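Asks: File model_3.txt follows (compact mmCIF, C-alpha atoms):
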```
# COMPACT_ATOMS: atom_id res chain seq x y z
CA MET A 1 -52.43 23.18 -1.89
CA ILE A 2 -53.10 22.81 1.85
CA GLU A 3 -56.83 22.52 1.27
CA ASN A 4 -56.25 19.83 -1.34
CA TYR A 5 -54.18 17.67 1.00
CA LYS A 6 -56.82 17.79 3.71
CA HIS A 7 -57.76 14.29 4.87
CA TYR A 8 -56.02 12.79 1.85
CA ARG A 9 -56.13 9.21 3.11
CA HIS A 10 -59.76 9.59 4.15
CA GLY A 11 -61.29 11.27 1.16
CA VAL A 12 -59.97 13.88 -1.24
CA THR A 13 -56.83 13.41 -3.26
CA PRO A 14 -54.77 16.49 -4.11
CA PRO A 15 -53.71 17.27 -7.65
CA HIS A 16 -50.43 15.73 -8.66
CA ASN A 17 -47.88 18.18 -9.94
CA HIS A 18 -46.14 16.02 -12.50
CA MET A 19 -42.49 16.69 -12.96
CA SER A 20 -41.61 18.53 -16.11
CA PRO A 21 -39.09 16.80 -18.38
CA PRO A 22 -35.69 18.46 -18.72
CA ARG A 23 -34.51 19.93 -21.99
CA LYS A 24 -33.06 17.43 -24.47
CA ARG A 25 -30.89 17.93 -27.52
CA HIS A 26 -31.22 16.69 -31.11
CA ASN A 27 -34.21 14.50 -31.99
CA ASP A 28 -35.23 13.92 -28.38
CA ASN A 29 -37.23 17.15 -28.48
CA LEU A 30 -39.68 15.62 -30.93
CA LEU A 31 -40.14 12.53 -28.75
CA LEU A 32 -40.69 14.55 -25.59
CA ASN A 33 -43.30 16.67 -27.32
CA LEU A 34 -45.26 13.52 -27.99
CA MET A 35 -44.98 12.17 -24.48
CA SER A 36 -47.17 13.33 -21.63
CA ASN A 37 -45.57 14.31 -18.37
CA VAL A 38 -46.91 11.11 -16.84
CA GLU A 39 -45.34 8.96 -19.53
CA TRP A 40 -42.01 10.74 -19.15
CA ARG A 41 -42.00 10.35 -15.40
CA ASN A 42 -42.89 6.67 -15.56
CA LYS A 43 -40.24 5.99 -18.19
CA MET A 44 -37.49 7.68 -16.17
CA LEU A 45 -38.54 5.89 -13.01
CA LYS A 46 -38.65 2.52 -14.76
CA MET A 47 -35.14 3.02 -16.16
CA LYS A 48 -33.81 3.99 -12.73
CA MET A 49 -35.40 0.95 -11.07
CA GLU A 50 -34.09 -1.40 -13.75
CA ARG A 51 -30.53 -0.09 -13.27
CA LEU A 52 -30.73 -0.65 -9.53
CA SER A 53 -32.46 -4.02 -9.84
CA HIS A 54 -29.70 -5.30 -12.13
CA ASN A 55 -27.25 -4.92 -9.26
CA LEU A 56 -29.54 -6.60 -6.76
CA LYS A 57 -30.68 -9.73 -8.59
CA LYS A 58 -28.18 -11.91 -6.74
CA SER A 59 -29.99 -11.17 -3.49
CA ARG A 60 -33.37 -12.43 -4.70
CA SER A 61 -32.85 -16.10 -3.77
CA ILE A 62 -31.80 -14.96 -0.32
CA ILE A 63 -34.88 -12.75 0.01
CA VAL A 64 -37.38 -15.39 -1.10
CA ASN A 65 -35.90 -18.06 1.19
CA SER A 66 -34.97 -15.85 4.12
CA LYS A 67 -35.20 -16.79 7.79
CA PRO A 68 -36.58 -14.71 10.67
CA ALA A 69 -34.50 -11.70 11.69
CA LEU A 70 -32.23 -12.24 14.69
CA MET A 71 -32.74 -8.75 16.11
CA LEU A 72 -35.33 -5.99 15.90
CA ASN A 73 -34.31 -2.61 14.55
CA TYR A 74 -36.01 0.14 16.55
CA ASN A 75 -34.92 2.73 13.99
CA VAL A 76 -37.33 1.17 11.48
CA HIS A 77 -40.99 2.12 11.98
CA ILE A 78 -44.03 0.91 10.07
CA PHE A 79 -47.52 2.42 9.83
CA TYR A 80 -50.29 0.09 10.94
CA TYR A 81 -54.10 0.39 10.72
CA ALA A 82 -56.44 -1.28 13.22
CA TRP A 83 -59.67 -0.11 11.60
CA TYR A 84 -60.80 -3.33 9.87
CA ALA A 85 -63.93 -5.22 10.96
CA ASN A 86 -65.82 -8.27 9.73
CA SER A 87 -69.22 -9.80 10.34
CA LYS A 88 -67.91 -12.79 12.29
CA ILE A 89 -66.06 -10.86 15.02
CA ASP A 90 -67.67 -7.42 14.89
CA GLY A 91 -71.13 -8.10 13.50
CA GLN A 92 -70.46 -5.97 10.42
CA TYR A 93 -67.78 -5.12 7.88
CA ARG A 94 -65.82 -1.91 8.15
CA HIS A 95 -63.23 -0.61 5.70
CA TRP A 96 -63.28 -3.82 3.66
CA ASN A 97 -66.59 -2.42 2.38
CA HIS A 98 -65.05 1.00 1.65
CA MET A 99 -67.11 3.27 -0.56
CA TYR A 100 -65.96 4.61 -3.92
CA LEU A 101 -64.88 8.19 -3.26
CA GLU A 102 -66.08 11.09 -5.36
CA ASN A 103 -63.73 12.48 -7.97
CA TRP A 104 -62.13 15.69 -6.68
CA ARG A 105 -61.81 16.87 -10.28
CA LYS A 106 -65.20 18.50 -10.65
CA ASP A 107 -64.57 19.30 -14.32
CA SER A 108 -64.15 15.63 -15.24
CA ARG A 109 -66.86 14.16 -17.45
CA LYS A 110 -65.83 10.55 -17.03
CA VAL A 111 -68.22 8.22 -15.23
CA TYR A 112 -66.77 6.12 -12.41
CA PRO A 113 -68.20 3.46 -10.09
CA THR A 114 -70.18 4.60 -7.07
CA GLY A 115 -71.53 2.95 -3.94
CA THR A 116 -69.70 0.61 -1.58
CA HIS A 117 -67.88 -2.70 -1.90
CA ALA A 118 -69.51 -5.94 -0.79
CA PRO A 119 -67.06 -8.16 1.16
CA PRO A 120 -65.84 -10.77 1.53
CA HIS A 121 -65.36 -11.23 -2.23
CA ASP A 122 -65.52 -7.57 -3.31
CA ILE A 123 -63.33 -5.33 -1.14
CA GLY A 124 -62.00 -1.79 -1.20
CA SER A 125 -58.50 -2.75 -2.29
CA ASN A 126 -56.64 -3.71 -5.46
CA TYR A 127 -55.01 -6.55 -3.48
CA TYR A 128 -56.58 -9.30 -1.39
CA PRO A 129 -55.08 -10.17 2.03
CA SER A 130 -53.84 -13.70 2.69
CA LEU A 131 -55.84 -13.68 5.93
CA GLY A 132 -59.01 -12.68 4.11
CA CYS A 133 -61.24 -9.92 5.49
CA TYR A 134 -59.94 -10.06 9.04
CA SER A 135 -61.01 -8.11 12.11
CA SER A 136 -58.48 -5.81 13.76
CA ARG A 137 -60.05 -6.80 17.08
CA ASP A 138 -59.21 -10.47 16.64
CA THR A 139 -56.30 -11.14 19.01
CA ASP A 140 -55.19 -14.08 16.85
CA VAL A 141 -54.80 -11.63 13.96
CA ILE A 142 -52.87 -9.15 16.12
CA ASN A 143 -50.55 -11.94 17.28
CA HIS A 144 -50.02 -13.05 13.69
CA HIS A 145 -49.25 -9.51 12.57
CA MET A 146 -46.82 -8.87 15.40
CA LYS A 147 -45.02 -12.13 14.63
CA LEU A 148 -44.67 -11.11 10.98
CA LEU A 149 -43.18 -7.77 12.01
CA GLN A 150 -40.83 -9.42 14.49
CA ASP A 151 -39.63 -11.90 11.84
CA ALA A 152 -38.94 -9.01 9.48
CA GLY A 153 -36.87 -7.17 12.09
CA ILE A 154 -39.15 -4.13 12.27
CA GLY A 155 -38.99 -2.64 15.75
CA VAL A 156 -41.68 0.04 15.94
CA VAL A 157 -45.37 0.00 14.98
CA GLY A 158 -46.85 3.41 14.12
CA LEU A 159 -50.44 2.71 15.18
CA SER A 160 -53.14 4.86 13.56
CA TRP A 161 -54.88 6.57 16.47
CA LEU A 162 -57.91 8.74 17.15
CA PRO A 163 -59.53 9.56 20.52
CA SER A 164 -62.13 7.12 21.79
CA LYS A 165 -65.25 8.94 20.62
CA PHE A 166 -64.29 8.88 16.94
CA VAL A 167 -64.89 6.23 14.29
CA ASP A 168 -61.77 4.13 13.59
CA SER A 169 -60.39 4.75 17.09
CA PRO A 170 -58.48 1.69 18.37
CA HIS A 171 -59.27 2.57 21.99
CA ASP A 172 -61.09 -0.70 22.69
CA ILE A 173 -58.10 -2.82 21.70
CA LEU A 174 -55.24 -0.63 22.93
CA HIS A 175 -54.55 -2.69 26.03
CA SER A 176 -54.50 -5.94 24.05
CA PHE A 177 -52.47 -4.39 21.28
CA PHE A 178 -49.80 -3.06 23.65
CA ASP A 179 -49.63 -6.32 25.59
CA ILE A 180 -49.31 -8.44 22.46
CA ALA A 181 -46.69 -6.11 20.96
CA SER A 182 -44.70 -6.37 24.16
CA LYS A 183 -44.75 -10.17 23.91
CA TYR A 184 -42.88 -9.86 20.60
CA ASN A 185 -40.55 -7.11 21.89
CA LEU A 186 -42.17 -4.59 19.55
CA LYS A 187 -42.65 -0.93 20.45
CA ILE A 188 -45.61 1.31 19.62
CA ALA A 189 -45.75 4.97 18.59
CA LEU A 190 -49.09 6.65 18.03
CA HIS A 191 -49.79 7.93 14.51
CA ILE A 192 -52.34 10.63 15.27
CA GLU A 193 -55.00 11.10 12.62
CA PRO A 194 -56.66 14.47 11.81
CA TYR A 195 -59.86 13.74 13.73
CA PRO A 196 -62.66 16.34 13.35
CA GLY A 197 -61.88 19.48 15.29
CA ARG A 198 -58.33 18.45 16.18
CA ASN A 199 -56.29 21.28 17.69
CA PRO A 200 -53.41 21.47 20.18
CA ILE A 201 -55.78 22.13 23.09
CA ASN A 202 -58.01 19.07 22.74
CA LEU A 203 -55.12 16.92 21.52
CA GLN A 204 -53.27 17.68 24.74
CA GLU A 205 -56.34 16.64 26.75
CA HIS A 206 -56.71 13.34 24.86
CA LEU A 207 -53.00 12.57 25.16
CA ARG A 208 -53.07 13.16 28.91
CA VAL A 209 -55.62 10.35 29.18
CA PHE A 210 -53.46 8.10 27.00
CA PHE A 211 -50.21 8.80 28.85
CA ASN A 212 -51.82 8.34 32.25
CA ILE A 213 -52.59 4.76 31.19
CA PHE A 214 -49.69 3.76 28.96
CA ARG A 215 -46.76 5.97 30.00
CA ASN A 216 -44.95 3.12 31.73
CA HIS A 217 -45.99 0.29 29.43
CA THR A 218 -42.99 -1.67 28.15
CA ALA A 219 -44.31 -1.46 24.57
CA LEU A 220 -44.46 2.35 24.43
CA TYR A 221 -41.72 3.50 22.06
CA LYS A 222 -39.37 6.20 23.28
CA MET A 223 -36.38 7.97 21.77
CA LYS A 224 -34.02 10.79 22.61
CA LYS A 225 -34.23 14.12 20.85
CA PRO A 226 -31.09 15.40 19.14
CA LEU A 227 -28.78 16.38 22.03
CA GLY A 228 -31.45 15.15 24.45
CA LYS A 229 -30.61 13.32 27.66
CA ILE A 230 -33.81 11.41 28.36
CA GLU A 231 -36.01 9.14 26.25
CA LEU A 232 -39.53 10.37 25.50
CA PRO A 233 -42.58 8.80 23.81
CA VAL A 234 -42.85 9.41 20.07
CA LEU A 235 -45.95 10.83 18.38
CA TYR A 236 -46.44 11.08 14.62
CA ILE A 237 -48.90 13.87 13.69
CA TYR A 238 -50.56 13.27 10.32
CA ASP A 239 -51.62 16.44 8.44
CA SER A 240 -49.88 18.58 11.06
CA TYR A 241 -49.74 21.52 8.66
CA LEU A 242 -53.52 21.95 8.83
CA THR A 243 -53.03 23.64 12.20
CA PRO A 244 -51.27 27.05 12.18
CA ALA A 245 -47.70 27.03 13.46
CA VAL A 246 -48.54 29.64 16.08
CA ALA A 247 -51.08 27.24 17.62
CA TRP A 248 -48.63 24.32 17.70
CA LYS A 249 -46.02 26.60 19.28
CA GLU A 250 -48.33 27.16 22.28
CA LEU A 251 -48.08 23.42 22.94
CA LEU A 252 -44.58 22.59 21.71
CA GLY A 253 -42.66 25.75 22.56
CA ASN A 254 -40.83 26.00 25.87
CA LYS A 255 -42.62 29.28 26.61
CA GLY A 256 -46.04 28.38 25.17
CA ASN A 257 -49.13 28.91 27.29
CA LEU A 258 -49.98 25.20 26.92
CA SER A 259 -46.40 23.97 26.85
CA ILE A 260 -45.86 20.29 27.60
CA ARG A 261 -42.09 20.68 27.49
CA ASN A 262 -40.25 19.34 30.52
CA THR A 263 -43.52 17.99 31.97
CA GLU A 264 -44.65 14.40 32.43
CA TYR A 265 -46.58 14.77 29.15
CA ASP A 266 -43.59 15.79 27.06
CA ALA A 267 -42.93 13.74 23.92
CA VAL A 268 -41.07 13.70 20.63
CA TYR A 269 -43.52 15.28 18.16
CA ILE A 270 -42.98 14.33 14.50
CA GLY A 271 -44.88 16.48 11.99
CA LEU A 272 -45.77 15.63 8.40
CA LEU A 273 -43.80 17.37 5.67
CA ALA A 274 -45.57 17.22 2.32
CA GLU A 275 -44.68 20.43 0.48
CA THR A 276 -41.48 22.47 0.56
CA GLN A 277 -43.05 25.29 2.59
CA HIS A 278 -43.87 22.81 5.34
CA ARG A 279 -40.22 22.97 6.38
CA TYR A 280 -40.86 26.38 7.86
CA HIS A 281 -44.12 25.24 9.43
CA ILE A 282 -42.25 22.39 11.15
CA LYS A 283 -39.59 24.75 12.43
CA LYS A 284 -41.95 27.52 13.59
CA SER A 285 -44.28 25.03 15.25
CA GLN A 286 -41.26 23.68 17.18
CA PHE A 287 -41.82 20.09 16.20
CA ASP A 288 -38.94 17.77 17.06
CA GLY A 289 -38.78 16.29 13.59
CA PHE A 290 -40.73 15.36 10.47
CA TYR A 291 -41.69 12.40 8.28
CA THR A 292 -42.91 12.18 4.68
CA TYR A 293 -45.53 9.36 4.83
CA PHE A 294 -46.64 9.15 1.16
CA ALA A 295 -45.41 6.09 -0.72
CA ALA A 296 -45.73 7.71 -4.15
CA ASN A 297 -42.44 9.13 -5.40
CA GLY A 298 -43.10 12.54 -6.97
CA PHE A 299 -46.53 12.94 -5.40
CA THR A 300 -45.32 15.51 -2.87
CA TYR A 301 -42.06 17.34 -2.30
CA GLY A 302 -41.43 15.27 0.81
CA SER A 303 -42.20 11.92 -0.82
CA THR A 304 -39.85 12.61 -3.75
CA TRP A 305 -36.69 10.58 -3.24
CA LYS A 306 -34.34 13.09 -4.86
CA ASN A 307 -35.34 15.70 -2.26
CA TRP A 308 -34.28 13.61 0.75
CA LYS A 309 -30.70 14.85 0.64
CA MET A 310 -31.89 18.45 0.95
CA LEU A 311 -34.38 17.52 3.67
CA GLY A 312 -31.69 15.68 5.60
CA LYS A 313 -29.49 18.77 5.45
CA PHE A 314 -32.37 20.96 6.61
CA ALA A 315 -33.00 18.62 9.55
CA THR A 316 -29.34 18.57 10.59
CA GLU A 317 -28.99 22.34 10.41
CA ASN A 318 -32.06 22.82 12.61
CA GLY A 319 -31.57 20.01 15.11
CA LEU A 320 -34.55 18.04 13.79
CA ILE A 321 -35.20 14.32 13.33
CA PHE A 322 -35.78 13.33 9.69
CA ILE A 323 -37.75 10.12 9.06
CA PRO A 324 -38.32 9.49 5.33
CA SER A 325 -41.08 7.07 4.42
CA VAL A 326 -40.49 4.23 1.96
CA GLY A 327 -43.23 2.12 0.40
CA PRO A 328 -43.61 -0.81 -2.03
CA GLY A 329 -45.89 1.05 -4.44
CA TYR A 330 -49.24 2.80 -4.62
CA ILE A 331 -52.62 2.02 -6.16
CA ASP A 332 -56.02 3.07 -4.79
CA THR A 333 -58.36 2.72 -7.77
CA GLN A 334 -60.72 0.42 -5.84
CA VAL A 335 -61.62 3.42 -3.67
CA ARG A 336 -60.53 6.29 -5.96
CA PRO A 337 -61.17 4.89 -9.46
CA TRP A 338 -60.29 8.26 -10.99
CA ASN A 339 -56.80 8.38 -9.44
CA SER A 340 -54.81 6.27 -11.90
CA ALA A 341 -52.30 9.10 -12.40
CA ASN A 342 -50.85 8.42 -8.96
CA ILE A 343 -50.34 4.67 -9.39
CA ARG A 344 -46.80 3.56 -8.62
CA HIS A 345 -46.29 0.03 -9.91
CA ARG A 346 -44.36 -2.34 -7.67
CA ARG A 347 -42.42 -3.97 -10.50
CA HIS A 348 -41.74 -7.08 -8.42
CA GLY A 349 -40.08 -5.14 -5.64
CA GLN A 350 -37.94 -2.82 -7.77
CA TYR A 351 -39.85 0.31 -6.73
CA TYR A 352 -39.49 -0.58 -3.03
CA GLU A 353 -35.78 -1.23 -3.43
CA VAL A 354 -35.13 2.16 -4.99
CA ALA A 355 -36.95 3.82 -2.10
CA TRP A 356 -34.88 1.95 0.49
CA LYS A 357 -31.63 2.61 -1.34
CA SER A 358 -32.48 6.32 -1.61
CA ALA A 359 -32.99 6.49 2.16
CA ILE A 360 -29.79 4.58 2.94
CA ASP A 361 -27.71 6.60 0.46
CA ASN A 362 -28.76 9.75 2.30
CA HIS A 363 -27.43 8.39 5.60
CA VAL A 364 -30.71 8.74 7.51
CA GLN A 365 -30.92 7.53 11.10
CA TYR A 366 -34.54 6.38 10.88
CA VAL A 367 -36.79 4.92 8.18
CA SER A 368 -40.58 4.60 8.24
CA VAL A 369 -42.47 2.16 6.03
CA THR A 370 -45.82 3.03 4.45
CA SER A 371 -47.35 0.63 5.24
CA PHE A 372 -48.02 -2.72 6.88
CA ASN A 373 -51.73 -2.84 6.04
CA GLU A 374 -53.14 0.25 4.35
CA TRP A 375 -54.95 -1.98 1.86
CA HIS A 376 -57.08 0.81 0.36
CA GLU A 377 -54.04 2.55 -1.09
CA GLY A 378 -52.09 -0.56 -2.05
CA THR A 379 -49.08 0.37 0.07
CA GLN A 380 -49.21 -2.75 2.26
CA ILE A 381 -46.38 -5.24 2.73
CA GLU A 382 -48.69 -7.64 4.60
CA PRO A 383 -49.00 -10.93 2.68
CA ALA A 384 -51.53 -10.95 -0.16
CA GLN A 385 -53.06 -13.87 -2.07
CA PRO A 386 -53.96 -14.31 -5.74
CA LYS A 387 -57.74 -14.04 -6.18
CA THR A 388 -60.25 -13.62 -8.99
CA GLU A 389 -63.90 -12.81 -8.41
CA ASP A 390 -66.38 -12.50 -11.26
CA SER A 391 -64.78 -10.11 -13.74
CA PHE A 392 -62.19 -8.65 -11.34
CA THR A 393 -58.72 -10.07 -10.68
CA TYR A 394 -56.89 -8.74 -7.65
CA LEU A 395 -53.22 -7.87 -7.89
CA ASP A 396 -50.77 -10.10 -6.03
CA TYR A 397 -47.07 -10.63 -5.33
CA GLU A 398 -46.56 -13.54 -7.71
CA PRO A 399 -44.33 -15.18 -8.74
CA GLU A 400 -42.30 -14.27 -5.64
CA GLY A 401 -45.06 -15.36 -3.26
CA PRO A 402 -47.27 -13.81 -0.56
CA ASP A 403 -44.44 -13.21 1.93
CA PHE A 404 -42.19 -11.50 -0.59
CA TYR A 405 -42.49 -7.94 0.73
CA MET A 406 -42.02 -9.00 4.33
CA ASN A 407 -38.83 -10.79 3.33
CA LEU A 408 -37.71 -7.95 1.10
CA THR A 409 -38.21 -5.53 3.99
CA LYS A 410 -36.09 -7.74 6.23
CA TRP A 411 -33.29 -7.80 3.65
CA TRP A 412 -33.26 -4.01 3.38
CA ILE A 413 -33.31 -3.59 7.14
CA THR A 414 -30.11 -5.64 7.14
CA GLN A 415 -28.59 -3.28 4.55
CA PHE A 416 -29.79 -0.32 6.62
CA LYS A 417 -28.02 -1.67 9.69
CA LYS A 418 -24.82 -2.26 7.69
CA SER A 419 -24.82 1.40 6.65
CA PHE A 420 -24.01 2.35 10.26
CA GLN A 421 -20.99 0.05 10.44
```
Would you encode the structure as structure tokens?

Replies:
Amino acid sequence: MIENYKHYRHGVTPPHNHMSPPRKRHNDNLLLNLMSNVEWRNKMLKMKMERLSHNLKKSRSIIVNSKPALMLNYNVHIFYYAWYANSKIDGQYRHWNHMYLENWRKDSRKVYPTGTHAPPHDIGSNYYPSLGCYSSRDTDVINHHMKLLQDAGIGVVGLSWLPSKFVDSPHDILHSFFDIASKYNLKIALHIEPYPGRNPINLQEHLRVFFNIFRNHTALYKMKKPLGKIELPVLYIYDSYLTPAVAWKELLGNKGNLSIRNTEYDAVYIGLLAETQHRYHIKKSQFDGFYTYFAANGFTYGSTWKNWKMLGKFATENGLIFIPSVGPGYIDTQVRPWNSANIRHRRHGQYYEVAWKSAIDNHVQYVSVTSFNEWHEGTQIEPAQPKTEDSFTYLDYEPEGPDFYMNLTKWWITQFKKSFQ
């Protein structure tokens, strides 16, 4: 399974192990025999969301007409991508013109679209942003985004990061990004991507450069480890399990040959937990905690809501930080047209609400949101607009409106805060 998860957000999608339906009595056996695992899973999820939504309908008028949050919650983090480019600002489109990715199922005989999208009307997303095909290097856009996050009460931006020599690196806007975030009292944690050849040795070298510049910036997010006395910068490591635990231990262990512990380059390292065996990888690597990233319930062990209670217990018993990731839904068929099995419909916010409630019910200290603007995978809460081009109609947030998921996030952050009272 490790090979299949490799660079998931950048290319290949792993197989989805659909949940098997439980045994039923009487005539239900006949019905279940006729239903595919996908149908069963979707039916159970829909019923669960409808039960929860029934109890939350009274809050909808408040959500739609909500006002800016009074305070930021630095225990709520959101993943942000600064890899978009357009012809006006950058001289060319990037990411909006995402290519159709090849089907990882080599035995499939179905024919799917190939080539790349042609922005601004045809983009690599099932939704269309309210701002259009913006540039991540446009400071007006960054200001607008930071204001949206501030109004929602989100305190920490998990910025997708690669070293300067790699494509999609935000190195040329880091200073502006940090300065603008600081203006809105937002904090930034790096979300380190699996750049080619990444290993603890070269990662340490790249991070030294980063920390030498930004260590004392007011926007750099810091937290204390469990039982820790000082606050340290926070680093999310995507696809951390691709590197052997013994290699990570050299960097993260107190006695490792490359150890950064108790040095000026020490940090809170958060690894990615996808499958159940990754618990042991996290522990042996001596990470400080773990997150689950994926917004598709049931896609991985870590992203499955019912497993968060067990993961929370594991974290507590081992002195680790557990940061589950919630998301509004998932759909990536404009870049992976063969991946319809992993679609998670938003159902006008119901899916998102179940994810938030699952996190709160498990008494977690931190929540991460996937995502603010990962448009390719349809996990964004950034405002989207209704749009039809030729024979394709983009999905949208109607009838609740383009700001619905920002407002819904703000409402759930309020419930999250109440859970500590």

Asks: Which residue is closest to A:Arg346? Choose from A:Gln334, A:Asn297, A:Gln421, A:Thr276 and count only C-alpha atoms.

Replies: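 Closest residue, counting only C-alpha atoms: A:Asn297.
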
Asks: Point out the residue among A:Asn126, A:Ser325, A:Asn143, A:Ser169 with the least atom-to-atom distance to A:Trp83, counting only C-alpha atoms.

Replies: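 Once distances to A:Trp83 are computed over only C-alpha atoms, the minimum belongs to A:Ser169.
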
Asks: Sort by chain and increasing residue number a table of all residues of stretch 131-228 of chain A within 12 Å of stretch 385-390 of chain A, each with its closest pair of atoms and their distance in Å to one decimal, counting only C-alpha atoms, and write it as a Markdown table.

Replies:
```
| residue | atom | partner | partner_atom | distance |
| --- | --- | --- | --- | --- |
| A:Leu131 | CA | A:Gln385 | CA | 8.5 |
| A:Gly132 | CA | A:Gln385 | CA | 8.7 |
| A:Cys133 | CA | A:Gln385 | CA | 11.8 |
```

Asks: Determine, counting all atoms listed in the file, every residue of protein, DNA or RNA that lies within 6 Å of (-55.3, 12.2, 16.8) in the file coordinates, then give the result as a PyMOL selection string.

Replies: chain A and resi 161-162+192-195

Asks: Would you be able to write out as JSON, numbers by chain which residues have an atom within 8 Å of (-38.4, -0.6, 14.9) in the file's coordinates, counting all atoms listed in the file?

Replies: {"A": [72, 73, 74, 75, 76, 77, 78, 153, 154, 155, 156, 157, 186, 187]}

Asks: Would you compute the distance between atom CA of A:Ile213 and atom CA of A:Asp90? Give it in Å to one decimal.

Replies: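 Computing the Euclidean distance for atom CA of A:Ile213 and atom CA of A:Asp90 yields 25.3 Å.
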
Asks: Quick one: of A:Phe210, A:Tyr127, A:Tyr301, A:Phe314, who's nearest to A:Tyr330, counting all atoms listed in the file?

Replies: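 Among the listed residues, the smallest separation from A:Tyr330 belongs to A:Tyr127.
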
Asks: From the structure just shown, export stretch 202-217 of chain A with N, CA and C atoms as a PDB file, in the first residue's frame.

Replies:
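The result, stored in result.pdb:
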```pdb
ATOM      1  N   ASN A 202      18.811  16.091   3.577  1.00  0.00           N
ATOM      2  CA  ASN A 202      18.639  17.317   2.801  1.00  0.00           C
ATOM      3  C   ASN A 202      17.490  18.179   3.331  1.00  0.00           C
ATOM      4  N   LEU A 203      16.500  17.541   3.969  1.00  0.00           N
ATOM      5  CA  LEU A 203      15.422  18.325   4.568  1.00  0.00           C
ATOM      6  C   LEU A 203      15.975  19.219   5.674  1.00  0.00           C
ATOM      7  N   GLN A 204      16.855  18.664   6.486  1.00  0.00           N
ATOM      8  CA  GLN A 204      17.478  19.439   7.552  1.00  0.00           C
ATOM      9  C   GLN A 204      18.229  20.645   6.976  1.00  0.00           C
ATOM     10  N   GLU A 205      18.930  20.431   5.878  1.00  0.00           N
ATOM     11  CA  GLU A 205      19.695  21.513   5.253  1.00  0.00           C
ATOM     12  C   GLU A 205      18.767  22.615   4.734  1.00  0.00           C
ATOM     13  N   HIS A 206      17.660  22.223   4.093  1.00  0.00           N
ATOM     14  CA  HIS A 206      16.710  23.206   3.577  1.00  0.00           C
ATOM     15  C   HIS A 206      16.028  23.966   4.713  1.00  0.00           C
ATOM     16  N   LEU A 207      15.713  23.258   5.791  1.00  0.00           N
ATOM     17  CA  LEU A 207      15.027  23.906   6.910  1.00  0.00           C
ATOM     18  C   LEU A 207      15.942  24.863   7.659  1.00  0.00           C
ATOM     19  N   ARG A 208      17.237  24.572   7.677  1.00  0.00           N
ATOM     20  CA  ARG A 208      18.175  25.504   8.299  1.00  0.00           C
ATOM     21  C   ARG A 208      18.115  26.859   7.600  1.00  0.00           C
ATOM     22  N   VAL A 209      18.054  26.828   6.269  1.00  0.00           N
ATOM     23  CA  VAL A 209      17.953  28.063   5.496  1.00  0.00           C
ATOM     24  C   VAL A 209      16.660  28.798   5.852  1.00  0.00           C
ATOM     25  N   PHE A 210      15.568  28.047   5.910  1.00  0.00           N
ATOM     26  CA  PHE A 210      14.274  28.652   6.233  1.00  0.00           C
ATOM     27  C   PHE A 210      14.283  29.269   7.626  1.00  0.00           C
ATOM     28  N   PHE A 211      14.726  28.506   8.625  1.00  0.00           N
ATOM     29  CA  PHE A 211      14.701  28.994  10.001  1.00  0.00           C
ATOM     30  C   PHE A 211      15.648  30.176  10.212  1.00  0.00           C
ATOM     31  N   ASN A 212      16.749  30.199   9.507  1.00  0.00           N
ATOM     32  CA  ASN A 212      17.666  31.326   9.644  1.00  0.00           C
ATOM     33  C   ASN A 212      17.024  32.638   9.202  1.00  0.00           C
ATOM     34  N   ILE A 213      16.021  32.530   8.333  1.00  0.00           N
ATOM     35  CA  ILE A 213      15.328  33.728   7.839  1.00  0.00           C
ATOM     36  C   ILE A 213      14.063  34.023   8.638  1.00  0.00           C
ATOM     37  N   PHE A 214      13.283  32.997   8.937  1.00  0.00           N
ATOM     38  CA  PHE A 214      11.944  33.223   9.488  1.00  0.00           C
ATOM     39  C   PHE A 214      11.771  32.823  10.954  1.00  0.00           C
ATOM     40  N   ARG A 215      12.814  32.371  11.609  1.00  0.00           N
ATOM     41  CA  ARG A 215      12.681  31.874  12.977  1.00  0.00           C
ATOM     42  C   ARG A 215      11.990  32.869  13.910  1.00  0.00           C
ATOM     43  N   ASN A 216      12.298  34.132  13.757  1.00  0.00           N
ATOM     44  CA  ASN A 216      11.760  35.144  14.666  1.00  0.00           C
ATOM     45  C   ASN A 216      10.618  35.966  14.067  1.00  0.00           C
ATOM     46  N   HIS A 217      10.105  35.523  12.929  1.00  0.00           N
ATOM     47  CA  HIS A 217       8.991  36.247  12.327  1.00  0.00           C
ATOM     48  C   HIS A 217       7.736  36.060  13.176  1.00  0.00           C
TER      49      HIS A 217
END
```
